[in-house]
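Have a look at the structure below before the remarks.
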Amino acid sequence: MEGRDAGRELSTAVVAFHEAVGENLGVTAVDQRALALIAGAGSLSAGELAQEIGLTPGAVTGVVDRLERAGLARRAPDPADRRRLVITAVPGAFGKVFAGLDAAMAKLMGRYSPAEQAVIADWVTNTVDVLREQTRLLAKREHPSRRAP
């Protein structure tokens, strides 16, 4: 399989995996992305999450509602400003559904030497950078169906 085909296959497999995770947890891909951002930051306010994920505050409320219903996140008053709510991820929120993937990936990486693992890590890091940049560029573009007549 050539590089471009492998990249496309990887992307398709990742999307399918996250769809299955979402089905298993009762959340959407956007919800999963929000949870990853919250967990990475430790906690975020709804406004901070809206800005990070590019959603309106109202849409973020729906995301956080779904994450709370699924037992993946909690809202609580901000200790520094009780008028504001902060959202935190429940520890181990993704643990159960990612346990199999973590074990399988550890086994897969064990097949490679440390030098090969370094090359793979470099490729993945650079691929993530390319994907983020392309996502940013696409998000700036106006879709033809959203243009005013």
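Letters A, B, ... mark the chains of the structure tokens in the order given; residue numbers begin at 1 per chain; ligand numbers begin at 1, in order shown.
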
Stretch 26-43 of chain A environment, 6 Å, only C-alpha atoms, sequence neighbours closer than 2 positions dropped, as a PyMOL selection string: chain A and resi 22-24+63+87-89

Can you pull out every residue from stretch 27-73 of chain A that DSSP, working from the backbone, puts in helix (DSSP H, G or I), and format the result as a ChimeraX atom specification? /A:29-41,46-53,57-69

Atoms kept (C-alpha atoms) for selection, written as a PDB file, in the first residue's frame:
ATOM      1  CA  ALA A  29     -17.370  12.763  17.803  1.00  0.00           C
ATOM      2  CA  VAL A  30     -17.551  16.446  18.806  1.00  0.00           C
ATOM      3  CA  ASP A  31     -18.328  15.370  22.374  1.00  0.00           C
ATOM      4  CA  GLN A  32     -15.254  13.120  22.341  1.00  0.00           C
ATOM      5  CA  ARG A  33     -13.115  15.959  21.031  1.00  0.00           C
ATOM      6  CA  ALA A  34     -14.454  18.265  23.751  1.00  0.00           C
ATOM      7  CA  LEU A  35     -13.735  15.654  26.423  1.00  0.00           C
ATOM      8  CA  ALA A  36     -10.169  15.250  25.169  1.00  0.00           C
ATOM      9  CA  LEU A  37      -9.669  19.030  25.360  1.00  0.00           C
ATOM     10  CA  ILE A  38     -11.165  19.186  28.867  1.00  0.00           C
ATOM     11  CA  ALA A  39      -9.040  16.265  30.080  1.00  0.00           C
ATOM     12  CA  GLY A  40      -5.906  17.757  28.538  1.00  0.00           C
ATOM     13  CA  ALA A  41      -6.486  21.123  30.215  1.00  0.00           C
ATOM     14  CA  ALA A  46     -17.907  26.594  29.040  1.00  0.00           C
ATOM     15  CA  GLY A  47     -16.660  29.779  27.346  1.00  0.00           C
ATOM     16  CA  GLU A  48     -13.110  28.467  27.117  1.00  0.00           C
ATOM     17  CA  LEU A  49     -14.368  25.175  25.693  1.00  0.00           C
ATOM     18  CA  ALA A  50     -16.526  27.020  23.151  1.00  0.00           C
ATOM     19  CA  GLN A  51     -13.508  29.008  22.009  1.00  0.00           C
ATOM     20  CA  GLU A  52     -11.218  25.955  21.883  1.00  0.00           C
ATOM     21  CA  ILE A  53     -13.638  23.785  19.935  1.00  0.00           C
ATOM     22  CA  PRO A  57     -21.856  28.681  24.034  1.00  0.00           C
ATOM     23  CA  GLY A  58     -25.326  27.180  23.458  1.00  0.00           C
ATOM     24  CA  ALA A  59     -23.887  24.278  21.475  1.00  0.00           C
ATOM     25  CA  VAL A  60     -21.291  23.708  24.203  1.00  0.00           C
ATOM     26  CA  THR A  61     -24.097  23.426  26.746  1.00  0.00           C
ATOM     27  CA  GLY A  62     -25.501  20.511  24.728  1.00  0.00           C
ATOM     28  CA  VAL A  63     -22.062  18.900  24.501  1.00  0.00           C
ATOM     29  CA  VAL A  64     -21.521  19.172  28.257  1.00  0.00           C
ATOM     30  CA  ASP A  65     -25.067  17.900  28.936  1.00  0.00           C
ATOM     31  CA  ARG A  66     -24.325  14.758  26.886  1.00  0.00           C
ATOM     32  CA  LEU A  67     -20.925  14.264  28.550  1.00  0.00           C
ATOM     33  CA  GLU A  68     -22.521  14.557  32.000  1.00  0.00           C
ATOM     34  CA  ARG A  69     -25.347  12.140  31.106  1.00  0.00           C
TER      35      ARG A  69
END

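Take the candidates A:Phe94, A:His18, A:Thr127, A:Ile120 and check each one against A:Leu108 using only C-alpha atoms; the shortest distance goes to A:Ile120.
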
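In the backbone-derived DSSP annotation, strand (DSSP E) within stretch 21-149 of chain A comprises Leu44, Ser45, Ala73, Arg74, Arg75, Ala76, Pro77, Asp78, Asp81, Arg82, Arg83, Arg84, Leu85, Val86, Ile87, Thr88 and Ala89 of chain A.
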
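Take atom CA of A:Val90 and atom CA of A:Gly71: the distance between them is 7.2 Å.
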